[in-house]
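Heads up: the structure comes next, in structure tokens.
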Amino acid sequence: MIRIQEILDKVVAYRPDADVEGIRKAYVFAAAMHAGQTRLSGEPYLSHPLAVADALADLHLDDTSIIAGFLHDTVEDTRTTIEHVREEFGEEVADVVDGVTKISLISFDSKEEQQAESIRKMILATSEDIRVLLVKLADRLHNMRTLQFQKSEKQKSIAQETMDIYAPLANRLGLHRIKLELEDLSFRYIRPDVYAQIDKWIEEHRAADAAYIAEVIASLREMIAAASIRARVKGRIKHYYSIYRKMQSKHLPLDDMYDIIAFRIVVQEIKDCYNVLGLAHSAWKPVPGRFKDYISVPKANMYQSLHTTVAGPRGERMELQIRTEEMDYMAENGLAAHWLYKEGGKIKAKDVQQLSWLREMLDWQREENDSLEFLRTLRVDLFTDEIYVFTPQGDVKELPEGATPVDFAYQVHSKVGDNCSGAKVNSRLVPLNTRLKSGDYVEIITDSARHPNRDWLKFVKTAKARSRIQHYLRTEERGRAVSLGRDILEKQGRRYNLNFQKAIKEVNLTQLYAEFRVKTLEDLYAAVGYSQAQARTVLRAMKEQLGLPSDEGGALSAPPPPVSQDAAPSAAGGAAFSKSEEERRAESIKISGGSGILRRFAKCCNPVPGDHIIGYISRGRGITIHTADCPAILAAEPERLISVNWDGSTEHPFPTRIHISSRNVKGVLHEVSGILLKEDINIGSGNIRSSLDGRSEIDLLVEVRDTVQLYQVMAKLRALPAVYEVIRSVPQEGAA
Ligand code: MN
């Protein structure tokens with residue numbers, strides 16, 4: 001067990017004016033509260049807050065953090081209340097302890113959706129003061145170091161949670177040492193087999209590796225000394241989890257892993273970094289594409305260093321990191337201390353530029369209701385490597401790997417993103433979904449007439465871009481629904497002998513809104529526009545209020561819809577698909593701004609995935625999906641059309657109709673059904689007519705995955721000798 005005096009000595013060494021009495025008081029308080037409690041290891045419980053406070057002192061944190069470290073479990077695990085802590089230690093300490101307690105109560109359940117919700121809560125709890133997260137990380141670090149005492153069924157889930165959430169967060173906060181330790185500790189419990197294999201291999205090669213490390217260090221020291229540069233040189237075997245990741249990404253067995261050893265050269269001045277780099281590159285051949293200059297372009301978490309890989313003395317690859325003492329300290333654990341020094345007191349996410357990603361996640365989580373979508377984007381933001389690209393002015397922008405010009409545009413300004421119409425990368429015009437690379441110069445072409453496109457959502461990577469595009473689309477779609485709804489109410493009102501605009505001023509709006517569960521007139525229009533409420537029901541309610549006769553059955557009955565949902569070529573007979581299948585198919589359609597809207601597939605044109613489609617807002621019957629070239633759609637009122645998309649998620653077959661003309665020979669039907677059978681295509685129903693001129697006309701309702709499968713099988717049918725023509729049945733003009 002660490003002693004309090006060791007911690008105090010450590011703190012005073014970097015903070016001579018530290019509140020020694022306050023820290024001692026927190027220690028005494030924790031000792032009293034946890035008295036008699038033991039850890040699963042059998043040690044007194046107090047060993048845990050001591051270890052946490054010690055880890056915080058290693059990070060050179062302030063008094064509040066250290067005190068909160070001692071107290072972090074008192075509210076959750078003892079009879080102490082947060083009010084008691086507030087009285088004894090003040091507002092700031094109590095707020096941090098409260099935040100840590102809240103995070104501890106969140107369960108990061110393995111179910112994705114709940115996990116997303118939990119992470120949202122945690123981000124909220126920490127964004128007001130990052131010290132909450134720092135104390136929580138120190139807490140988790142000690143719990144991971146003592147995980148062997150935990151029940152075996154809990155070990156794995158705690159380790160997974162650490163790997164999924166805490167290690168990436170530590171990385172984002174620039175706590176490199178803690179991130180690596182958390183990863184290795186988690187890895188040991190998540191993949192004990194691979195961990196043991198790496199451990200054994202390293203054990204067997206230890207002597208050889210030690211000799212190799214000594215040899216390289218000696219050469220490095222010699223060449224650096226000859227150039228009169230002062231430097232510390234270290235060599236070490238990489239962390240187990242890093243080795244594992246390399247095995248995975250390069251698909252290499254352990255025996256082929258050469259660069260598992262990394263060397264670090266720590267110098268006094270920046271110019272020495274580049275001098276040492278030059279020396280290393282002239283002694284050993286650099287591996288192309290592996291040099292990274294994080295000194296002139298620091299990472300988002302302020303990490304600075306030169307990285308290079310060279311072919312070492314035995315021709316083996318070895319990695320070199322070259323940095324100054326200051327950079328080395330910051331890289332290991334200094335970033336949090338740096339903020340505290342600069343900001344003093346509370347570190348709010350919104351005040352620290354390096355925490356802009358956290359800020360963006362917060363903005364986004366306020367807008368985004370879909371927690372799975374949130375989790376997906378959070379993962380991209382937390383886990384992927386960053387790339388650094390340049391504005392035409394030479395400013396650096398940080399983006400996740402795989403980011404596109406649209407992400408870049410939104411990074412520059414929301415307005416630039418919203419009006420982005422094209423992009424130049426390194427002076428060449430590129431498509432907007434181009435993946436950017438580090439070092440690219442990106443220029444965005446804007447046009448105030450251009451607006452975000454639903455397709456952008458398929459390729460953007462950042463939370464910011466995604467949130468802005470969705471915001472735009474939602475607003476736009478709602479605007480359309482509002483004006484459509486108003487229009488429908490006015491037109492229907494005329495048929496119904498009601499001047500809608502006049503009547504709406506006379507009715508009791510509160511009562512009307514309550515009846516249709518809306519808050520404003522715009523909401524009411526939107527509800528009608530989205531077909532969540534029926535226009536005639538609204539009109540009837542208004543008439544009732546005004547004491548007008550309701551004309552039930554007369555003008556009240558809806559006029560026949562201009563597009564019939566049920567029109568089908570009579571020859572083909574009725575469809576025979578169950579309702580639940582129809583519903584499941586309907587879920588594969590995305591409607592902007594319209595989750596929960598009833599939708600169905602038109603039976604006139606029978607769209608299948610791959611077809612260009614369009615939605616028709618029917619009166620009171622939700623949205624009917626037609627192919628974009630369906631005659632019924634071409635005849636429809638344009639303001640009732642809404643853009644819809646396949647989301648590509650369904651495995652379900654879709655029914656559609658094909659028409660085959662053939663010579664009237666025996667066996668044609670047999671051949672046709674043979675081909676369909678071979679392609680695993682179901683026949684829903686069929687109809688054959690023979691005409692006097694010796695032709696057969698065959699109408700079939702078939703179930704296909706998508707247009708690709710459909711057109712392939714149509715080509716095969718066309719190849720049959722007796723077949724004249726195969727077409728997709730087009731709804732007859734006037735059939736509707
Ligand atoms: Mn704890």
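Identifiers for the structure tokens are assigned positionally: chains receive A, B, ... in sequence, residues are indexed from 1 per chain, and ligands are indexed from 1 in the order shown.
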Name the residues in contact with Pro431 in chain A at a cut-off of 12 Å, using only C-alpha atoms, excluding same-chain residues fewer than 6 positions from it; report them as a short mmCIF file (atom, residue, chain, number, x, y, z; two decimals) with C-alpha atoms, in the first residue's frame.
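Just written: selection-v5.cif:
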data_model
loop_
_atom_site.label_atom_id
_atom_site.label_comp_id
_atom_site.auth_asym_id
_atom_site.auth_seq_id
_atom_site.Cartn_x
_atom_site.Cartn_y
_atom_site.Cartn_z
CA THR A 404 -14.02 13.52 -47.51
CA PRO A 405 -14.08 17.08 -48.90
CA VAL A 406 -17.60 17.43 -47.45
CA CYS A 420 -20.41 22.94 -50.94
CA SER A 421 -20.70 22.24 -54.66
CA GLY A 422 -17.29 20.89 -55.58
CA ALA A 423 -13.76 20.36 -54.33
CA LYS A 424 -10.20 20.62 -55.50
CA VAL A 425 -7.55 18.45 -53.90
CA ILE A 444 -13.96 23.91 -51.45
CA ILE A 445 -16.02 25.45 -54.23
CA TRP A 456 -23.63 12.79 -48.64
CA PHE A 459 -19.77 8.91 -47.20
#
Please return as a short mmCIF file (atom, residue, chain, number, x, y, z; two decimals) with N, CA, C and O atoms, in the first residue's frame the residues found within 8 Å of ligand 1, counting only C-alpha atoms and all ligand atoms.
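selection.cif, written as the output of this step:
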data_model
loop_
_atom_site.label_atom_id
_atom_site.label_comp_id
_atom_site.auth_asym_id
_atom_site.auth_seq_id
_atom_site.Cartn_x
_atom_site.Cartn_y
_atom_site.Cartn_z
N HIS A 48 -7.14 1.55 -2.32
CA HIS A 48 -7.64 1.97 -3.64
C HIS A 48 -7.63 3.50 -3.81
O HIS A 48 -6.99 4.00 -4.74
N PRO A 49 -8.29 4.27 -2.93
CA PRO A 49 -8.19 5.73 -3.08
C PRO A 49 -6.74 6.23 -3.03
O PRO A 49 -6.40 7.19 -3.74
N VAL A 52 -5.36 5.67 -6.49
CA VAL A 52 -5.96 6.60 -7.45
C VAL A 52 -5.32 8.00 -7.29
O VAL A 52 -4.93 8.63 -8.27
N HIS A 72 -13.27 9.74 -4.10
CA HIS A 72 -14.15 9.40 -5.22
C HIS A 72 -15.15 8.28 -4.93
O HIS A 72 -16.19 8.21 -5.56
N ASP A 73 -14.83 7.38 -4.00
CA ASP A 73 -15.76 6.28 -3.72
C ASP A 73 -16.57 6.48 -2.44
O ASP A 73 -17.37 5.62 -2.08
N LYS A 136 -11.77 9.46 -13.01
CA LYS A 136 -12.37 8.18 -13.40
C LYS A 136 -11.33 7.28 -14.08
O LYS A 136 -11.30 6.07 -13.85
N ASP A 139 -9.08 5.84 -11.48
CA ASP A 139 -9.85 4.81 -10.78
C ASP A 139 -9.85 3.52 -11.59
O ASP A 139 -9.56 2.43 -11.09
N ARG A 140 -10.14 3.64 -12.89
CA ARG A 140 -10.20 2.47 -13.75
C ARG A 140 -8.83 1.80 -13.87
O ARG A 140 -8.70 0.58 -13.89
N ASN A 143 -8.29 -0.30 -10.84
CA ASN A 143 -9.19 -1.45 -10.88
C ASN A 143 -8.71 -2.49 -11.91
O ASN A 143 -8.85 -3.68 -11.70
#
Problem set entry | DSSP strand (DSSP E) selection over range 175-265 of chain A, as a count of residues only | 12
For this session: Please identify all polymer residues within 10 Å of Pro607 in chain A, counting only C-alpha atoms, omitting same-chain residues fewer than 2 positions from it, and present them as number ranges by chain.
Result: A: 601-605, 609-614, 625-628, 630, 654-657, 706-707
Problem set entry | Residues within 12 Å of Ser219 in chain A, only C-alpha atoms, excluding chain neighbours under 3 positions, as a PyMOL selection string | chain A and resi 212-216+222-226+233+263+279-280+283-284+312-313
For this session: Can you list, as an NGL selection string, all residues belonging to range 88-319 of chain A that DSSP tags as helix (DSSP H, G or I)?
Result: :A and (88-105 or 112-127 or 131-145 or 147-149 or 152-172 or 176-190 or 192-226 or 240-250 or 254-256 or 270-283)
Just to be explicit: take each residue in the selection above, keep C-alpha atoms, and write the result as a compact mmCIF listing (two decimals), in the first residue's frame.
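Output below, filename part_32.txt:
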# COMPACT_ATOMS: atom_id res chain seq x y z
CA GLU A 88 -16.10 19.60 4.22
CA PHE A 89 -14.23 20.19 0.96
CA GLY A 90 -16.14 22.83 -0.97
CA GLU A 91 -18.06 23.14 -4.22
CA GLU A 92 -15.33 22.22 -6.72
CA VAL A 93 -14.27 18.98 -5.04
CA ALA A 94 -17.91 17.98 -4.51
CA ASP A 95 -18.74 18.56 -8.18
CA VAL A 96 -15.89 16.33 -9.32
CA VAL A 97 -16.79 13.58 -6.82
CA ASP A 98 -20.42 13.84 -7.89
CA GLY A 99 -19.46 13.50 -11.56
CA VAL A 100 -17.30 10.43 -10.89
CA THR A 101 -20.10 8.87 -8.83
CA LYS A 102 -22.55 9.45 -11.68
CA ILE A 103 -20.27 7.79 -14.19
CA SER A 104 -19.80 4.82 -11.88
CA LEU A 105 -23.55 4.30 -11.79
CA GLU A 112 -25.21 -1.51 -28.32
CA GLU A 113 -28.12 0.81 -27.88
CA GLN A 114 -27.77 1.02 -24.11
CA GLN A 115 -24.06 1.47 -24.45
CA ALA A 116 -24.57 4.44 -26.72
CA GLU A 117 -26.93 5.95 -24.20
CA SER A 118 -24.40 5.39 -21.43
CA ILE A 119 -21.60 7.01 -23.36
CA ARG A 120 -23.82 10.01 -24.02
CA LYS A 121 -24.45 10.34 -20.31
CA MET A 122 -20.78 10.05 -19.56
CA ILE A 123 -19.83 12.70 -22.08
CA LEU A 124 -22.42 14.97 -20.52
CA ALA A 125 -21.11 14.29 -17.02
CA THR A 126 -17.53 15.04 -18.01
CA SER A 127 -17.90 17.93 -20.40
CA ARG A 131 -11.15 16.43 -14.11
CA VAL A 132 -14.13 14.11 -13.61
CA LEU A 133 -12.84 11.97 -16.45
CA LEU A 134 -9.23 12.16 -15.23
CA VAL A 135 -10.22 10.87 -11.78
CA LYS A 136 -12.37 8.18 -13.40
CA LEU A 137 -9.44 7.07 -15.57
CA ALA A 138 -7.13 6.82 -12.55
CA ASP A 139 -9.85 4.81 -10.78
CA ARG A 140 -10.20 2.47 -13.75
CA LEU A 141 -6.44 2.08 -14.04
CA HIS A 142 -6.13 0.76 -10.48
CA ASN A 143 -9.19 -1.45 -10.88
CA MET A 144 -7.62 -2.95 -14.01
CA ARG A 145 -4.30 -3.46 -12.24
CA LEU A 147 -8.58 -7.20 -11.94
CA GLN A 148 -7.22 -10.68 -11.10
CA PHE A 149 -9.13 -10.49 -7.80
CA SER A 152 -13.84 -14.35 -13.45
CA GLU A 153 -17.20 -13.77 -15.16
CA LYS A 154 -16.86 -10.04 -14.56
CA GLN A 155 -13.23 -9.77 -15.67
CA LYS A 156 -13.99 -10.01 -19.35
CA SER A 157 -16.81 -7.46 -19.43
CA ILE A 158 -14.84 -4.94 -17.37
CA ALA A 159 -11.86 -5.45 -19.67
CA GLN A 160 -14.02 -5.01 -22.76
CA GLU A 161 -15.54 -1.82 -21.42
CA THR A 162 -12.05 -0.51 -20.68
CA MET A 163 -10.87 -1.35 -24.19
CA ASP A 164 -13.98 0.12 -25.84
CA ILE A 165 -14.36 3.30 -23.87
CA TYR A 166 -11.66 4.24 -21.39
CA ALA A 167 -8.52 3.47 -23.40
CA PRO A 168 -9.69 5.55 -26.40
CA LEU A 169 -10.74 8.36 -24.10
CA ALA A 170 -7.31 8.32 -22.43
CA ASN A 171 -5.76 8.51 -25.87
CA ARG A 172 -7.93 11.46 -26.82
CA HIS A 176 -0.54 8.01 -23.69
CA ARG A 177 1.03 6.00 -20.88
CA ILE A 178 -2.35 5.28 -19.30
CA LYS A 179 -3.88 4.39 -22.65
CA LEU A 180 -1.14 1.81 -23.37
CA GLU A 181 -1.39 0.28 -19.91
CA LEU A 182 -5.19 0.06 -20.06
CA GLU A 183 -4.97 -1.61 -23.46
CA ASP A 184 -2.44 -4.20 -22.35
CA LEU A 185 -4.33 -4.98 -19.15
CA SER A 186 -7.63 -5.35 -21.04
CA PHE A 187 -6.08 -7.38 -23.84
CA ARG A 188 -4.83 -9.92 -21.30
CA TYR A 189 -8.43 -10.70 -20.24
CA ILE A 190 -10.13 -10.31 -23.61
CA PRO A 192 -5.89 -14.61 -22.90
CA ASP A 193 -4.79 -17.13 -25.56
CA VAL A 194 -3.08 -14.62 -27.85
CA TYR A 195 -1.70 -12.71 -24.89
CA ALA A 196 -0.04 -15.88 -23.58
CA GLN A 197 1.32 -16.68 -27.03
CA ILE A 198 2.95 -13.25 -27.38
CA ASP A 199 4.23 -13.44 -23.82
CA LYS A 200 5.86 -16.82 -24.44
CA TRP A 201 7.40 -15.68 -27.71
CA ILE A 202 8.88 -12.55 -26.16
CA GLU A 203 10.19 -14.56 -23.21
CA GLU A 204 11.96 -16.95 -25.60
CA HIS A 205 13.53 -14.11 -27.57
CA ARG A 206 14.37 -11.93 -24.62
CA ALA A 207 18.12 -12.57 -24.63
CA ALA A 208 18.48 -12.05 -28.38
CA ASP A 209 16.32 -8.92 -28.26
CA ALA A 210 18.31 -7.47 -25.37
CA ALA A 211 21.54 -7.93 -27.33
CA TYR A 212 19.97 -6.31 -30.40
CA ILE A 213 18.64 -3.37 -28.38
CA ALA A 214 22.04 -2.83 -26.78
CA GLU A 215 23.76 -2.92 -30.16
CA VAL A 216 21.41 -0.34 -31.72
CA ILE A 217 21.55 1.94 -28.66
CA ALA A 218 25.35 1.85 -28.79
CA SER A 219 25.40 2.80 -32.50
CA LEU A 220 22.87 5.58 -31.94
CA ARG A 221 24.80 7.00 -28.99
CA GLU A 222 28.02 6.94 -30.93
CA MET A 223 26.67 8.81 -33.96
CA ILE A 224 24.81 11.34 -31.81
CA ALA A 225 27.85 12.01 -29.62
CA ALA A 226 30.01 12.47 -32.71
CA TYR A 240 1.60 -6.53 -26.32
CA TYR A 241 -1.55 -4.98 -27.64
CA SER A 242 0.39 -2.96 -30.23
CA ILE A 243 2.10 -6.16 -31.34
CA TYR A 244 -1.26 -7.90 -31.59
CA ARG A 245 -2.69 -5.08 -33.68
CA LYS A 246 0.29 -5.27 -36.02
CA MET A 247 -0.16 -9.03 -36.37
CA GLN A 248 -3.78 -8.39 -37.29
CA SER A 249 -3.34 -5.54 -39.71
CA LYS A 250 -0.37 -7.09 -41.50
CA LEU A 254 4.74 -13.60 -34.63
CA ASP A 255 7.89 -15.04 -36.16
CA ASP A 256 7.68 -12.60 -39.05
CA ILE A 270 13.86 21.00 -31.72
CA LYS A 271 16.69 21.50 -34.20
CA ASP A 272 18.44 18.49 -32.61
CA CYS A 273 15.42 16.35 -33.51
CA TYR A 274 15.95 17.04 -37.21
CA ASN A 275 19.72 16.64 -36.89
CA VAL A 276 19.34 13.22 -35.28
CA LEU A 277 16.83 12.26 -37.96
CA GLY A 278 19.38 13.18 -40.62
CA LEU A 279 22.06 11.09 -38.89
CA ALA A 280 19.77 8.06 -38.60
CA HIS A 281 18.68 8.34 -42.23
CA SER A 282 22.26 8.51 -43.48
CA ALA A 283 23.35 5.53 -41.36
Problem set entry | Distance query Leu46 in chain A at most 7 Å, only C-alpha atoms, self and fewer than 3 positions along chain excluded, as number ranges by chain | A: 31, 34, 49-50
Take the residues just selected and output them with all heavy atoms as a tab-separated table (two decimals), in the first residue's frame.
chain	number	residue	atom	x	y	z
A	31	ALA	N	-10.10	7.50	4.93
A	31	ALA	CA	-9.72	6.40	5.83
A	31	ALA	C	-10.85	6.13	6.82
A	31	ALA	O	-11.20	4.97	7.08
A	31	ALA	CB	-8.43	6.77	6.58
A	34	HIS	N	-14.02	4.61	4.86
A	34	HIS	CA	-13.84	3.26	4.34
A	34	HIS	C	-13.36	2.29	5.43
A	34	HIS	O	-13.03	1.14	5.12
A	34	HIS	CB	-12.85	3.25	3.18
A	34	HIS	CG	-13.38	3.94	1.93
A	34	HIS	ND1	-14.45	3.45	1.23
A	34	HIS	CD2	-12.98	5.07	1.29
A	34	HIS	CE1	-14.69	4.26	0.18
A	34	HIS	NE2	-13.81	5.24	0.21
A	49	PRO	N	-8.29	4.27	-2.93
A	49	PRO	CA	-8.19	5.73	-3.08
A	49	PRO	C	-6.74	6.23	-3.03
A	49	PRO	O	-6.40	7.19	-3.74
A	49	PRO	CB	-9.00	6.30	-1.91
A	49	PRO	CG	-9.55	5.17	-1.15
A	49	PRO	CD	-9.27	3.90	-1.87
A	50	LEU	N	-5.89	5.56	-2.28
A	50	LEU	CA	-4.48	5.95	-2.26
A	50	LEU	C	-3.85	5.76	-3.63
A	50	LEU	O	-3.14	6.64	-4.14
A	50	LEU	CB	-3.72	5.12	-1.21
A	50	LEU	CG	-3.71	5.67	0.22
A	50	LEU	CD1	-3.26	4.57	1.19
A	50	LEU	CD2	-2.79	6.89	0.34
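Minimum distance to Arg474 in chain A across A:Asn606, A:Gln150, A:Thr624, A:Asn453 (counting only C-alpha atoms) occurs at A:Asn453.
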For this session: List the neighbours of Glu522 in chain A out to 9 Å using only C-alpha atoms; skip same-chain residues closer than 6 positions along the sequence, and give me the result as an NGL selection string.
Result: :A and (482-483 or 485-486)
Problem set entry | For Gly402 in chain A: contacts at 7 Å, only C-alpha atoms, fewer than 6 positions along chain excluded, given as a PyMOL selection string | chain A and resi 435-436+461
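For the pair CA of Asp447 in chain A and CA of Asn433 in chain A, the interatomic distance is 17.6 Å.
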Can you build me a table of range 582-670 of chain A residues sitting at most 6 Å from range 689-700 of chain A, with the closest atom pair per residue and its distance in Å to one decimal, using only C-alpha atoms, sorted by chain and residue number, as a tab-separated table?
residue	atom	partner	partner_atom	distance
A:Arg657	CA	A:Leu700	CA	5.6
A:Ile658	CA	A:Leu700	CA	5.5
A:His659	CA	A:Asp699	CA	4.7
A:Ile660	CA	A:Ile698	CA	5.0
A:Ser661	CA	A:Glu697	CA	4.8
A:Ser662	CA	A:Ser696	CA	5.2
A:Arg663	CA	A:Arg695	CA	4.8
A:Asn664	CA	A:Arg695	CA	4.8
